[in-house]
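Have a look at run-v3.pdb below; it lists PDB, C-alpha atoms and all ligand atoms.
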ATOM      1  CA  MET W   1      94.410  80.553 152.031  1.00  0.00           C
ATOM      2  CA  LYS W   2      91.519  78.095 151.689  1.00  0.00           C
ATOM      3  CA  ILE W   3      89.005  77.399 154.447  1.00  0.00           C
ATOM      4  CA  LYS W   4      87.169  74.140 154.436  1.00  0.00           C
ATOM      5  CA  LEU W   5      84.308  73.010 156.617  1.00  0.00           C
ATOM      6  CA  GLU W   6      83.619  69.298 156.577  1.00  0.00           C
ATOM      7  CA  ASN W   7      80.360  67.873 157.897  1.00  0.00           C
ATOM      8  CA  CYS W   8      80.007  70.578 160.487  1.00  0.00           C
ATOM      9  CA  ASN W   9      77.200  70.277 162.999  1.00  0.00           C
ATOM     10  CA  LYS W  10      76.250  72.889 165.535  1.00  0.00           C
ATOM     11  CA  THR W  11      73.386  72.604 167.976  1.00  0.00           C
ATOM     12  CA  TYR W  12      72.475  75.129 170.639  1.00  0.00           C
ATOM     13  CA  ILE W  13      70.621  73.857 173.677  1.00  0.00           C
ATOM     14  CA  LYS W  14      68.656  76.379 175.682  1.00  0.00           C
ATOM     15  CA  ASN W  15      66.274  75.396 178.471  1.00  0.00           C
ATOM     16  CA  GLY W  16      66.335  71.837 177.203  1.00  0.00           C
ATOM     17  CA  ILE W  17      65.298  72.859 173.703  1.00  0.00           C
ATOM     18  CA  LYS W  18      67.644  71.895 170.905  1.00  0.00           C
ATOM     19  CA  ASN W  19      68.275  74.108 167.920  1.00  0.00           C
ATOM     20  CA  HIS W  20      70.255  72.278 165.255  1.00  0.00           C
ATOM     21  CA  VAL W  21      71.588  75.339 163.448  1.00  0.00           C
ATOM     22  CA  LEU W  22      74.235  73.875 161.129  1.00  0.00           C
ATOM     23  CA  LYS W  23      73.494  70.448 159.691  1.00  0.00           C
ATOM     24  CA  ASP W  24      76.372  68.453 158.311  1.00  0.00           C
ATOM     25  CA  LEU W  25      77.525  71.559 156.529  1.00  0.00           C
ATOM     26  CA  SER W  26      80.429  71.120 154.104  1.00  0.00           C
ATOM     27  CA  TYR W  27      81.888  73.888 152.024  1.00  0.00           C
ATOM     28  CA  GLU W  28      85.261  75.011 150.742  1.00  0.00           C
ATOM     29  CA  PHE W  29      86.018  78.719 150.520  1.00  0.00           C
ATOM     30  CA  GLU W  30      88.740  79.637 148.021  1.00  0.00           C
ATOM     31  CA  PRO W  31      91.162  82.554 147.846  1.00  0.00           C
ATOM     32  CA  SER W  32      90.586  85.426 145.406  1.00  0.00           C
ATOM     33  CA  THR W  33      86.844  85.089 145.851  1.00  0.00           C
ATOM     34  CA  PHE W  34      84.163  87.337 147.306  1.00  0.00           C
ATOM     35  CA  TYR W  35      81.471  85.213 148.970  1.00  0.00           C
ATOM     36  CA  ALA W  36      78.180  86.749 149.991  1.00  0.00           C
ATOM     37  CA  ILE W  37      76.203  84.782 152.543  1.00  0.00           C
ATOM     38  CA  MET W  38      72.520  85.558 152.807  1.00  0.00           C
ATOM     39  CA  GLY W  39      69.714  83.914 154.695  1.00  0.00           C
ATOM     40  CA  GLU W  40      66.863  84.648 157.059  1.00  0.00           C
ATOM     41  CA  SER W  41      67.424  86.091 160.486  1.00  0.00           C
ATOM     42  CA  GLY W  42      68.216  83.198 162.809  1.00  0.00           C
ATOM     43  CA  SER W  43      69.366  80.885 160.008  1.00  0.00           C
ATOM     44  CA  GLY W  44      72.855  80.638 161.525  1.00  0.00           C
ATOM     45  CA  LYS W  45      74.976  83.113 159.568  1.00  0.00           C
ATOM     46  CA  SER W  46      76.702  84.612 162.601  1.00  0.00           C
ATOM     47  CA  THR W  47      77.142  81.129 164.012  1.00  0.00           C
ATOM     48  CA  LEU W  48      78.892  80.098 160.799  1.00  0.00           C
ATOM     49  CA  ILE W  49      81.157  83.171 160.786  1.00  0.00           C
ATOM     50  CA  ASN W  50      82.129  82.622 164.412  1.00  0.00           C
ATOM     51  CA  ILE W  51      82.935  78.988 163.695  1.00  0.00           C
ATOM     52  CA  LEU W  52      85.094  79.958 160.705  1.00  0.00           C
ATOM     53  CA  ALA W  53      86.877  82.473 162.939  1.00  0.00           C
ATOM     54  CA  GLY W  54      87.555  79.785 165.510  1.00  0.00           C
ATOM     55  CA  LEU W  55      85.592  81.692 168.126  1.00  0.00           C
ATOM     56  CA  LEU W  56      82.827  79.158 168.493  1.00  0.00           C
ATOM     57  CA  LYS W  57      83.164  75.425 168.975  1.00  0.00           C
ATOM     58  CA  PHE W  58      81.100  73.084 166.847  1.00  0.00           C
ATOM     59  CA  ASP W  59      79.830  69.656 167.851  1.00  0.00           C
ATOM     60  CA  THR W  60      81.187  67.467 165.079  1.00  0.00           C
ATOM     61  CA  GLY W  61      83.057  67.965 161.820  1.00  0.00           C
ATOM     62  CA  ASN W  62      86.341  69.536 160.741  1.00  0.00           C
ATOM     63  CA  LEU W  63      87.585  73.008 160.021  1.00  0.00           C
ATOM     64  CA  LYS W  64      90.709  73.180 157.874  1.00  0.00           C
ATOM     65  CA  PHE W  65      92.894  76.043 156.726  1.00  0.00           C
ATOM     66  CA  ASN W  66      94.913  75.012 153.669  1.00  0.00           C
ATOM     67  CA  ASN W  67      94.010  71.440 154.610  1.00  0.00           C
ATOM     68  CA  LYS W  68      95.413  71.781 158.109  1.00  0.00           C
ATOM     69  CA  ILE W  69      93.411  71.441 161.301  1.00  0.00           C
ATOM     70  CA  TYR W  70      94.417  73.906 164.013  1.00  0.00           C
ATOM     71  CA  HIS W  71      94.222  72.467 167.499  1.00  0.00           C
ATOM     72  CA  GLY W  72      93.776  74.400 170.660  1.00  0.00           C
ATOM     73  CA  ASP W  73      93.179  78.023 171.414  1.00  0.00           C
ATOM     74  CA  VAL W  74      96.821  79.090 171.349  1.00  0.00           C
ATOM     75  CA  GLU W  75      97.491  77.723 167.873  1.00  0.00           C
ATOM     76  CA  PHE W  76      94.212  79.138 166.639  1.00  0.00           C
ATOM     77  CA  SER W  77      94.829  82.560 168.150  1.00  0.00           C
ATOM     78  CA  LYS W  78      98.111  82.773 166.288  1.00  0.00           C
ATOM     79  CA  LEU W  79      96.424  81.857 163.024  1.00  0.00           C
ATOM     80  CA  ARG W  80      93.643  84.351 163.675  1.00  0.00           C
ATOM     81  CA  LEU W  81      95.992  87.194 164.499  1.00  0.00           C
ATOM     82  CA  ARG W  82      98.095  86.562 161.417  1.00  0.00           C
ATOM     83  CA  SER W  83      95.586  85.481 158.822  1.00  0.00           C
ATOM     84  CA  ILE W  84      92.025  86.384 159.709  1.00  0.00           C
ATOM     85  CA  GLY W  85      90.422  89.803 159.630  1.00  0.00           C
ATOM     86  CA  LEU W  86      87.089  89.938 161.390  1.00  0.00           C
ATOM     87  CA  VAL W  87      84.268  92.446 161.329  1.00  0.00           C
ATOM     88  CA  TYR W  88      81.458  91.691 163.738  1.00  0.00           C
ATOM     89  CA  GLN W  89      77.779  92.490 163.611  1.00  0.00           C
ATOM     90  CA  SER W  90      78.375  94.484 166.790  1.00  0.00           C
ATOM     91  CA  TYR W  91      81.685  96.187 166.205  1.00  0.00           C
ATOM     92  CA  LEU W  92      83.361  95.238 169.499  1.00  0.00           C
ATOM     93  CA  LEU W  93      85.682  98.191 169.562  1.00  0.00           C
ATOM     94  CA  ASN W  94      87.704  98.784 172.678  1.00  0.00           C
ATOM     95  CA  GLU W  95      85.964 101.672 174.423  1.00  0.00           C
ATOM     96  CA  GLN W  96      89.131 102.827 176.188  1.00  0.00           C
ATOM     97  CA  MET W  97      91.006 103.230 172.904  1.00  0.00           C
ATOM     98  CA  THR W  98      90.791 105.910 170.257  1.00  0.00           C
ATOM     99  CA  ALA W  99      89.881 105.056 166.669  1.00  0.00           C
ATOM    100  CA  ILE W 100      93.506 104.795 165.602  1.00  0.00           C
ATOM    101  CA  GLU W 101      94.469 102.710 168.644  1.00  0.00           C
ATOM    102  CA  ASN W 102      91.640 100.314 167.829  1.00  0.00           C
ATOM    103  CA  VAL W 103      92.787 100.012 164.228  1.00  0.00           C
ATOM    104  CA  MET W 104      96.381  99.468 165.323  1.00  0.00           C
ATOM    105  CA  LEU W 105      95.495  96.760 167.831  1.00  0.00           C
ATOM    106  CA  PRO W 106      96.059  93.723 165.551  1.00  0.00           C
ATOM    107  CA  LEU W 107      99.574  95.019 164.836  1.00  0.00           C
ATOM    108  CA  TYR W 108     100.473  94.903 168.515  1.00  0.00           C
ATOM    109  CA  LEU W 109     102.428  91.654 168.267  1.00  0.00           C
ATOM    110  CA  ASN W 110     103.915  92.449 164.886  1.00  0.00           C
ATOM    111  CA  ASN W 111     107.609  93.023 165.443  1.00  0.00           C
ATOM    112  CA  ASP W 112     108.435  93.624 161.790  1.00  0.00           C
ATOM    113  CA  LEU W 113     106.977  97.102 161.894  1.00  0.00           C
ATOM    114  CA  ALA W 114     108.203 100.076 163.882  1.00  0.00           C
ATOM    115  CA  LYS W 115     105.664 102.032 165.920  1.00  0.00           C
ATOM    116  CA  LYS W 116     105.826 104.889 163.436  1.00  0.00           C
ATOM    117  CA  GLU W 117     105.015 102.587 160.512  1.00  0.00           C
ATOM    118  CA  LYS W 118     102.106 101.107 162.457  1.00  0.00           C
ATOM    119  CA  ILE W 119     100.717 104.584 163.031  1.00  0.00           C
ATOM    120  CA  LEU W 120     101.123 105.522 159.371  1.00  0.00           C
ATOM    121  CA  LEU W 121      99.447 102.315 158.213  1.00  0.00           C
ATOM    122  CA  SER W 122      96.547 102.834 160.601  1.00  0.00           C
ATOM    123  CA  GLN W 123      96.118 106.447 159.521  1.00  0.00           C
ATOM    124  CA  GLU W 124      96.059 105.299 155.921  1.00  0.00           C
ATOM    125  CA  LYS W 125      93.378 102.683 156.616  1.00  0.00           C
ATOM    126  CA  LEU W 126      91.255 105.208 158.500  1.00  0.00           C
ATOM    127  CA  LYS W 127      91.587 107.565 155.570  1.00  0.00           C
ATOM    128  CA  ILE W 128      90.345 104.874 153.184  1.00  0.00           C
ATOM    129  CA  VAL W 129      87.209 104.424 155.289  1.00  0.00           C
ATOM    130  CA  GLY W 130      86.722 108.185 155.359  1.00  0.00           C
ATOM    131  CA  LEU W 131      87.699 108.856 158.957  1.00  0.00           C
ATOM    132  CA  SER W 132      90.934 110.873 158.732  1.00  0.00           C
ATOM    133  CA  ASN W 133      89.317 113.556 160.847  1.00  0.00           C
ATOM    134  CA  LYS W 134      88.284 111.169 163.638  1.00  0.00           C
ATOM    135  CA  VAL W 135      91.506 109.290 164.474  1.00  0.00           C
ATOM    136  CA  GLU W 136      91.629 110.526 168.069  1.00  0.00           C
ATOM    137  CA  HIS W 137      87.939 109.935 168.762  1.00  0.00           C
ATOM    138  CA  PHE W 138      86.867 107.266 171.213  1.00  0.00           C
ATOM    139  CA  PRO W 139      84.091 104.866 170.138  1.00  0.00           C
ATOM    140  CA  LYS W 140      81.498 106.699 172.251  1.00  0.00           C
ATOM    141  CA  GLU W 141      82.392 109.849 170.316  1.00  0.00           C
ATOM    142  CA  LEU W 142      81.678 108.137 166.996  1.00  0.00           C
ATOM    143  CA  SER W 143      78.390 107.369 165.293  1.00  0.00           C
ATOM    144  CA  GLY W 144      77.364 103.743 164.785  1.00  0.00           C
ATOM    145  CA  GLY W 145      78.393 103.861 161.148  1.00  0.00           C
ATOM    146  CA  GLU W 146      81.732 105.426 162.028  1.00  0.00           C
ATOM    147  CA  GLN W 147      82.385 102.736 164.612  1.00  0.00           C
ATOM    148  CA  GLN W 148      81.595 100.153 161.988  1.00  0.00           C
ATOM    149  CA  ARG W 149      84.100 101.709 159.614  1.00  0.00           C
ATOM    150  CA  VAL W 150      86.765 101.652 162.340  1.00  0.00           C
ATOM    151  CA  ALA W 151      86.013  97.951 162.759  1.00  0.00           C
ATOM    152  CA  VAL W 152      86.499  97.392 159.018  1.00  0.00           C
ATOM    153  CA  ALA W 153      89.795  99.312 159.052  1.00  0.00           C
ATOM    154  CA  ARG W 154      90.943  97.212 162.006  1.00  0.00           C
ATOM    155  CA  ALA W 155      90.051  93.984 160.211  1.00  0.00           C
ATOM    156  CA  LEU W 156      92.161  94.911 157.198  1.00  0.00           C
ATOM    157  CA  ILE W 157      95.187  96.386 158.950  1.00  0.00           C
ATOM    158  CA  ASN W 158      97.098  93.110 159.157  1.00  0.00           C
ATOM    159  CA  ASN W 159      96.625  92.353 155.493  1.00  0.00           C
ATOM    160  CA  PRO W 160      94.938  89.052 156.424  1.00  0.00           C
ATOM    161  CA  GLU W 161      94.452  86.308 153.854  1.00  0.00           C
ATOM    162  CA  ILE W 162      90.935  85.685 155.080  1.00  0.00           C
ATOM    163  CA  ILE W 163      88.371  88.377 155.766  1.00  0.00           C
ATOM    164  CA  LEU W 164      85.193  87.464 157.627  1.00  0.00           C
ATOM    165  CA  ALA W 165      82.555  90.140 157.887  1.00  0.00           C
ATOM    166  CA  ASP W 166      79.215  89.787 159.620  1.00  0.00           C
ATOM    167  CA  GLU W 167      76.866  92.558 158.452  1.00  0.00           C
ATOM    168  CA  PRO W 168      79.722  95.034 157.983  1.00  0.00           C
ATOM    169  CA  THR W 169      77.429  97.668 156.542  1.00  0.00           C
ATOM    170  CA  GLY W 170      74.393  97.266 158.795  1.00  0.00           C
ATOM    171  CA  ASN W 171      74.591 100.843 160.065  1.00  0.00           C
ATOM    172  CA  LEU W 172      75.844 102.598 156.972  1.00  0.00           C
ATOM    173  CA  ASP W 173      74.215 104.826 154.410  1.00  0.00           C
ATOM    174  CA  ILE W 174      74.357 103.820 150.757  1.00  0.00           C
ATOM    175  CA  LYS W 175      77.497 105.800 149.964  1.00  0.00           C
ATOM    176  CA  ASN W 176      79.523 104.349 152.857  1.00  0.00           C
ATOM    177  CA  GLU W 177      78.116 100.900 152.247  1.00  0.00           C
ATOM    178  CA  LYS W 178      79.277 101.007 148.662  1.00  0.00           C
ATOM    179  CA  ASP W 179      82.749 102.112 149.787  1.00  0.00           C
ATOM    180  CA  ILE W 180      83.026  99.216 152.233  1.00  0.00           C
ATOM    181  CA  PHE W 181      81.828  96.637 149.688  1.00  0.00           C
ATOM    182  CA  GLU W 182      84.269  98.061 147.165  1.00  0.00           C
ATOM    183  CA  MET W 183      87.102  97.875 149.681  1.00  0.00           C
ATOM    184  CA  LEU W 184      86.285  94.260 150.404  1.00  0.00           C
ATOM    185  CA  LYS W 185      85.967  93.521 146.698  1.00  0.00           C
ATOM    186  CA  LYS W 186      89.426  94.965 146.106  1.00  0.00           C
ATOM    187  CA  GLU W 187      90.806  92.682 148.808  1.00  0.00           C
ATOM    188  CA  SER W 188      89.310  89.663 147.041  1.00  0.00           C
ATOM    189  CA  ILE W 189      90.761  90.745 143.705  1.00  0.00           C
ATOM    190  CA  GLU W 190      94.135  91.022 145.426  1.00  0.00           C
ATOM    191  CA  GLY W 191      93.864  87.368 146.417  1.00  0.00           C
ATOM    192  CA  LYS W 192      92.026  87.314 149.717  1.00  0.00           C
ATOM    193  CA  CYS W 193      89.217  84.976 150.631  1.00  0.00           C
ATOM    194  CA  VAL W 194      86.429  87.386 151.553  1.00  0.00           C
ATOM    195  CA  ILE W 195      83.275  86.092 153.231  1.00  0.00           C
ATOM    196  CA  VAL W 196      80.567  88.633 153.916  1.00  0.00           C
ATOM    197  CA  VAL W 197      77.209  88.131 155.596  1.00  0.00           C
ATOM    198  CA  SER W 198      74.651  90.685 154.532  1.00  0.00           C
ATOM    199  CA  HIS W 199      70.921  91.187 154.325  1.00  0.00           C
ATOM    200  CA  ASN W 200      71.375  93.763 151.615  1.00  0.00           C
ATOM    201  CA  PRO W 201      70.633  92.518 148.061  1.00  0.00           C
ATOM    202  CA  PHE W 202      73.068  95.206 146.891  1.00  0.00           C
ATOM    203  CA  ILE W 203      75.901  92.822 147.834  1.00  0.00           C
ATOM    204  CA  LYS W 204      75.040  90.546 144.905  1.00  0.00           C
ATOM    205  CA  LYS W 205      76.686  93.085 142.633  1.00  0.00           C
ATOM    206  CA  TYR W 206      80.023  92.419 144.317  1.00  0.00           C
ATOM    207  CA  ALA W 207      79.792  88.715 145.048  1.00  0.00           C
ATOM    208  CA  ASP W 208      81.632  86.130 142.959  1.00  0.00           C
ATOM    209  CA  LYS W 209      79.579  83.492 144.748  1.00  0.00           C
ATOM    210  CA  LEU W 210      76.231  83.988 146.384  1.00  0.00           C
ATOM    211  CA  LEU W 211      75.542  81.483 149.152  1.00  0.00           C
ATOM    212  CA  ILE W 212      72.244  80.994 150.913  1.00  0.00           C
ATOM    213  CA  LEU W 213      72.139  79.528 154.408  1.00  0.00           C
ATOM    214  CA  GLU W 214      68.863  77.697 154.794  1.00  0.00           C
ATOM    215  CA  ASN W 215      67.780  74.767 156.943  1.00  0.00           C
ATOM    216  CA  GLY W 216      71.317  74.446 158.281  1.00  0.00           C
ATOM    217  CA  GLU W 217      72.913  74.057 154.877  1.00  0.00           C
ATOM    218  CA  LEU W 218      74.751  76.317 152.431  1.00  0.00           C
ATOM    219  CA  TYR W 219      73.504  76.469 148.878  1.00  0.00           C
ATOM    220  CA  GLU W 220      75.214  78.165 145.951  1.00  0.00           C
ATOM    221  CA  LYS W 221      72.830  80.348 144.080  1.00  0.00           C
TER     222      LYS W 221
HETATM  223  N1  LIG S 301      74.364  81.134 172.517  1.00  0.00           N
HETATM  224  C1  LIG S 301      73.227  80.721 172.023  1.00  0.00           C
HETATM  225  N2  LIG S 301      72.414  79.912 172.738  1.00  0.00           N
HETATM  226  C2  LIG S 301      71.253  79.455 172.244  1.00  0.00           C
HETATM  227  N3  LIG S 301      70.804  79.736 170.999  1.00  0.00           N
HETATM  228  C3  LIG S 301      71.574  80.541 170.231  1.00  0.00           C
HETATM  229  C4  LIG S 301      72.807  81.079 170.706  1.00  0.00           C
HETATM  230  N4  LIG S 301      73.340  81.823 169.721  1.00  0.00           N
HETATM  231  C5  LIG S 301      72.470  81.774 168.700  1.00  0.00           C
HETATM  232  N5  LIG S 301      71.410  81.001 168.998  1.00  0.00           N
HETATM  233  C6  LIG S 301      70.278  80.697 168.097  1.00  0.00           C
HETATM  234  O1  LIG S 301      70.801  80.130 166.923  1.00  0.00           O
HETATM  235  C7  LIG S 301      70.119  80.608 165.768  1.00  0.00           C
HETATM  236  C8  LIG S 301      71.106  81.203 164.774  1.00  0.00           C
HETATM  237  O2  LIG S 301      71.648  82.387 165.325  1.00  0.00           O
HETATM  238  P1  LIG S 301      72.617  83.307 164.467  1.00  0.00           P
HETATM  239  O3  LIG S 301      73.016  84.446 165.323  1.00  0.00           O
HETATM  240  O4  LIG S 301      73.718  82.480 163.913  1.00  0.00           O
HETATM  241  O5  LIG S 301      71.627  83.773 163.286  1.00  0.00           O
HETATM  242  P2  LIG S 301      71.858  84.794 162.087  1.00  0.00           P
HETATM  243  O6  LIG S 301      71.590  84.073 160.813  1.00  0.00           O
HETATM  244  O7  LIG S 301      73.182  85.451 162.241  1.00  0.00           O
HETATM  245  O8  LIG S 301      70.683  85.858 162.318  1.00  0.00           O
HETATM  246  P3  LIG S 301      70.647  87.444 162.032  1.00  0.00           P
HETATM  247  O9  LIG S 301      70.454  87.620 160.564  1.00  0.00           O
HETATM  248  O10 LIG S 301      69.453  87.900 162.818  1.00  0.00           O
HETATM  249  O11 LIG S 301      71.925  88.043 162.544  1.00  0.00           O
HETATM  250  C9  LIG S 301      69.098  81.584 166.289  1.00  0.00           C
HETATM  251  O12 LIG S 301      67.843  80.943 166.298  1.00  0.00           O
HETATM  252  C10 LIG S 301      69.542  81.925 167.701  1.00  0.00           C
HETATM  253  O13 LIG S 301      68.454  82.169 168.544  1.00  0.00           O
HETATM  254 MG    MG S 302      73.763  87.402 162.633  1.00  0.00          MG
END
In C-alpha cells, how does this file's structure come out?
Ligand SMILES: Nc1ncnc2c1ncn2[C@@H]1O[C@H](COP(=O)(O)OP(=O)(O)OP(=O)(O)O)[C@@H](O)[C@H]1O
Ligand SMILES: [Mg+2]
Amino acid sequence: MKIKLENCNKTYIKNGIKNHVLKDLSYEFEPSTFYAIMGESGSGKSTLINILAGLLKFDTGNLKFNNKIYHGDVEFSKLRLRSIGLVYQSYLLNEQMTAIENVMLPLYLNNDLAKKEKILLSQEKLKIVGLSNKVEHFPKELSGGEQQRVAVARALINNPEIILADEPTGNLDIKNEKDIFEMLKKESIEGKCVIVVSHNPFIKKYADKLLILENGELYEK
C-alpha cells in the first residue's frame, strides 16, 4: 500500500504563538521500502507519524492510501486496524493487560482467526522480540525496553501493509535495537511500507531511503 501526502500543512497554536511545523509537505511512501526519518528534536517527526496514522488532523492538504482519501474517523479506524501497525515513542501499552494480551489486542476484531490461533500468533511474535518468558507480565512488571518490544510485537501482529514507528528503539540496548531494526527490515523486504523515526545513525544501515525533516519539509538524502 502506498501513502501519499500532498501539500500538507500543520500549525500548532499555543498561547497565541503559531508553530508552523509541516510546510506544504508532499511525499509518496512506497511499499517494499524501509524509510528512515531523521531530524532535530522538535522538527515535527512525531507530528508527521501521527498524521500518517490518521491520529492527528492537519490544516490543509491531502492524505491518500493507494490514491484514496479516507473520510471520517470510522472509515479511518477500519483502515488503521487492518493496514497500519504503529509503534509510539511512548509505548502506550494497556496497563491492565499482560504482554500477550497487549500483543493480541489488534486481533480482537479479526473473525478469521480462532482464539487459539491468536494466542499462538502472539506467542510467536513475543518470541521473536525475545520475550517468551514474559508473556504473562503486566507492563509495570516489564522494563522500558521490554515494554517497547511488546509494542513492536503488537504493531506487527496484524501483518499490516504499513508500519509506522516513532523511535521504536529509544530504550533499547544495541543488541535489541539491532533485532528490532532487522525485524522491521524483514517486513519491508516482504513488501511492507516501513517508516521509522529514529535519532540513531545506526538506522542508515537498514534504510532504503533516508529522509530528513527540516524546516517543515522532507528531504531525501
Ligand atoms: N499539541 C501541541 N501543541 C502545541 N505544540 C505542539 C504540540 N505537539 C507538538 N508541538 C510542537 O511541535 C513541534 C514538533 O513536535 P514533534 O513532537 O512532532 O517533534 P519531534 O520531531 O517528534 O521531536 P522529538 O525528536 O523530540 O521527538 C515541537 O516544537 C512541539 O513543541
Ligand atoms: Mg518525536
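From atom CA of W:Ala151 back to atom CA of W:Gly170, the distance works out to 12.3 Å.
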message = Could you list, as a PyMOL selection string, all protein and nucleic acid residues with an atom at most 8 Å from ligand LIG 301 (chain S), counting only C-alpha atoms and all ligand atoms?
response = chain W and resi 12-14+19+21+39-48+89+166-167+198-199+213
ask   = In Å to one decimal, how far is atom CA of W:Val135 from atom CA of W:Leu113?
value =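 Here the two named atoms are 19.9 Å from each other.
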note = Of W:Ile157, W:Ile49, W:Gly145, W:Ile100, the one sitting nearest W:Ile37 when using all atoms listed in the file is W:Ile49
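Going from atom CA of W:Tyr108 to atom CA of W:His71 covers 23.3 Å.
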request  = Using the chain letters and numbering of this document, enumerate as a PyMOL selection string the residues selected by the PyMOL selection byres (((chain W and resi 58) around 12) and not hetatm).
outcome  = chain W and resi 5-12+20-25+47-57+59-63
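In this comparison, which uses all atoms listed in the file, the residue of W:Thr169, W:Ser122, W:Asn94, W:Asn67 approaching W:Arg154 most closely is W:Ser122.
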task = Show which residues sit within 12 Å of W:Leu109, as a PyMOL selection string. Count all atoms listed in the file, and ignore same-chain residues fewer than 2 positions away.
result = chain W and resi 77-78+81-82+104-107+111-115+118+158
Could you save the residues just selected, with C-alpha atoms, as a PDB file, keeping the file's coordinate frame?
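This went into out_11.pdb:
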ATOM      1  CA  SER W  77      94.829  82.560 168.150  1.00  0.00           C
ATOM      2  CA  LYS W  78      98.111  82.773 166.288  1.00  0.00           C
ATOM      3  CA  LEU W  81      95.992  87.194 164.499  1.00  0.00           C
ATOM      4  CA  ARG W  82      98.095  86.562 161.417  1.00  0.00           C
ATOM      5  CA  MET W 104      96.381  99.468 165.323  1.00  0.00           C
ATOM      6  CA  LEU W 105      95.495  96.760 167.831  1.00  0.00           C
ATOM      7  CA  PRO W 106      96.059  93.723 165.551  1.00  0.00           C
ATOM      8  CA  LEU W 107      99.574  95.019 164.836  1.00  0.00           C
ATOM      9  CA  ASN W 111     107.609  93.023 165.443  1.00  0.00           C
ATOM     10  CA  ASP W 112     108.435  93.624 161.790  1.00  0.00           C
ATOM     11  CA  LEU W 113     106.977  97.102 161.894  1.00  0.00           C
ATOM     12  CA  ALA W 114     108.203 100.076 163.882  1.00  0.00           C
ATOM     13  CA  LYS W 115     105.664 102.032 165.920  1.00  0.00           C
ATOM     14  CA  LYS W 118     102.106 101.107 162.457  1.00  0.00           C
ATOM     15  CA  ASN W 158      97.098  93.110 159.157  1.00  0.00           C
TER      16      ASN W 158
END
message = Excluding W:Gln147 and its own-chain neighbours fewer than 5 positions away, which residues fall within 7 Å of it when counting all atoms listed in the file? Please give them as a list in words.
response =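 Listing them by chain and then by number gives Tyr91, Pro139 and Leu142 of chain W.
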task = Evaluate the PyMOL selection byres (((chain W and resi 220) around 8) and not hetatm) here and jot the selected residues down as a count of residues only.
result = 7
task = Pick out the closest residue to ligand MG 302 (chain S) from this set: W:Ser90, W:Ser132, W:Asn159, W:Gln96. Count only C-alpha atoms and all ligand atoms.
result =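 Going through W:Ser90, W:Ser132, W:Asn159, W:Gln96 one by one, the smallest distance to ligand MG 302 (chain S) is for W:Ser90.
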If the box runs along x, y and z of the file and leaves 8 Å on each side of stretch 29-36 of chain W, what are its centre and edge lengths in Å, one decimal, as AutoDock Vina command-line options?
--center_x 84.7 --center_y 83.0 --center_z 148.0 --size_x 29.0 --size_y 24.6 --size_z 21.1
Given the PyMOL selection byres (((chain W and resi 162) around 12) and not hetatm), the residues it picks as a PDB file with C-alpha atoms, in the frame of the given file:
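Done, and the output landed in result-v7.pdb:
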ATOM      1  CA  MET W   1      94.410  80.553 152.031  1.00  0.00           C
ATOM      2  CA  LYS W   2      91.519  78.095 151.689  1.00  0.00           C
ATOM      3  CA  ILE W   3      89.005  77.399 154.447  1.00  0.00           C
ATOM      4  CA  PHE W  29      86.018  78.719 150.520  1.00  0.00           C
ATOM      5  CA  GLU W  30      88.740  79.637 148.021  1.00  0.00           C
ATOM      6  CA  PRO W  31      91.162  82.554 147.846  1.00  0.00           C
ATOM      7  CA  SER W  32      90.586  85.426 145.406  1.00  0.00           C
ATOM      8  CA  THR W  33      86.844  85.089 145.851  1.00  0.00           C
ATOM      9  CA  PHE W  34      84.163  87.337 147.306  1.00  0.00           C
ATOM     10  CA  TYR W  35      81.471  85.213 148.970  1.00  0.00           C
ATOM     11  CA  ILE W  49      81.157  83.171 160.786  1.00  0.00           C
ATOM     12  CA  LEU W  52      85.094  79.958 160.705  1.00  0.00           C
ATOM     13  CA  ALA W  53      86.877  82.473 162.939  1.00  0.00           C
ATOM     14  CA  PHE W  65      92.894  76.043 156.726  1.00  0.00           C
ATOM     15  CA  ASN W  66      94.913  75.012 153.669  1.00  0.00           C
ATOM     16  CA  LEU W  79      96.424  81.857 163.024  1.00  0.00           C
ATOM     17  CA  ARG W  80      93.643  84.351 163.675  1.00  0.00           C
ATOM     18  CA  LEU W  81      95.992  87.194 164.499  1.00  0.00           C
ATOM     19  CA  ARG W  82      98.095  86.562 161.417  1.00  0.00           C
ATOM     20  CA  SER W  83      95.586  85.481 158.822  1.00  0.00           C
ATOM     21  CA  ILE W  84      92.025  86.384 159.709  1.00  0.00           C
ATOM     22  CA  GLY W  85      90.422  89.803 159.630  1.00  0.00           C
ATOM     23  CA  LEU W  86      87.089  89.938 161.390  1.00  0.00           C
ATOM     24  CA  VAL W  87      84.268  92.446 161.329  1.00  0.00           C
ATOM     25  CA  ALA W 155      90.051  93.984 160.211  1.00  0.00           C
ATOM     26  CA  LEU W 156      92.161  94.911 157.198  1.00  0.00           C
ATOM     27  CA  ASN W 158      97.098  93.110 159.157  1.00  0.00           C
ATOM     28  CA  ASN W 159      96.625  92.353 155.493  1.00  0.00           C
ATOM     29  CA  PRO W 160      94.938  89.052 156.424  1.00  0.00           C
ATOM     30  CA  GLU W 161      94.452  86.308 153.854  1.00  0.00           C
ATOM     31  CA  ILE W 163      88.371  88.377 155.766  1.00  0.00           C
ATOM     32  CA  LEU W 164      85.193  87.464 157.627  1.00  0.00           C
ATOM     33  CA  ALA W 165      82.555  90.140 157.887  1.00  0.00           C
ATOM     34  CA  LEU W 184      86.285  94.260 150.404  1.00  0.00           C
ATOM     35  CA  GLU W 187      90.806  92.682 148.808  1.00  0.00           C
ATOM     36  CA  SER W 188      89.310  89.663 147.041  1.00  0.00           C
ATOM     37  CA  GLU W 190      94.135  91.022 145.426  1.00  0.00           C
ATOM     38  CA  GLY W 191      93.864  87.368 146.417  1.00  0.00           C
ATOM     39  CA  LYS W 192      92.026  87.314 149.717  1.00  0.00           C
ATOM     40  CA  CYS W 193      89.217  84.976 150.631  1.00  0.00           C
ATOM     41  CA  VAL W 194      86.429  87.386 151.553  1.00  0.00           C
ATOM     42  CA  ILE W 195      83.275  86.092 153.231  1.00  0.00           C
ATOM     43  CA  VAL W 196      80.567  88.633 153.916  1.00  0.00           C
TER      44      VAL W 196
END
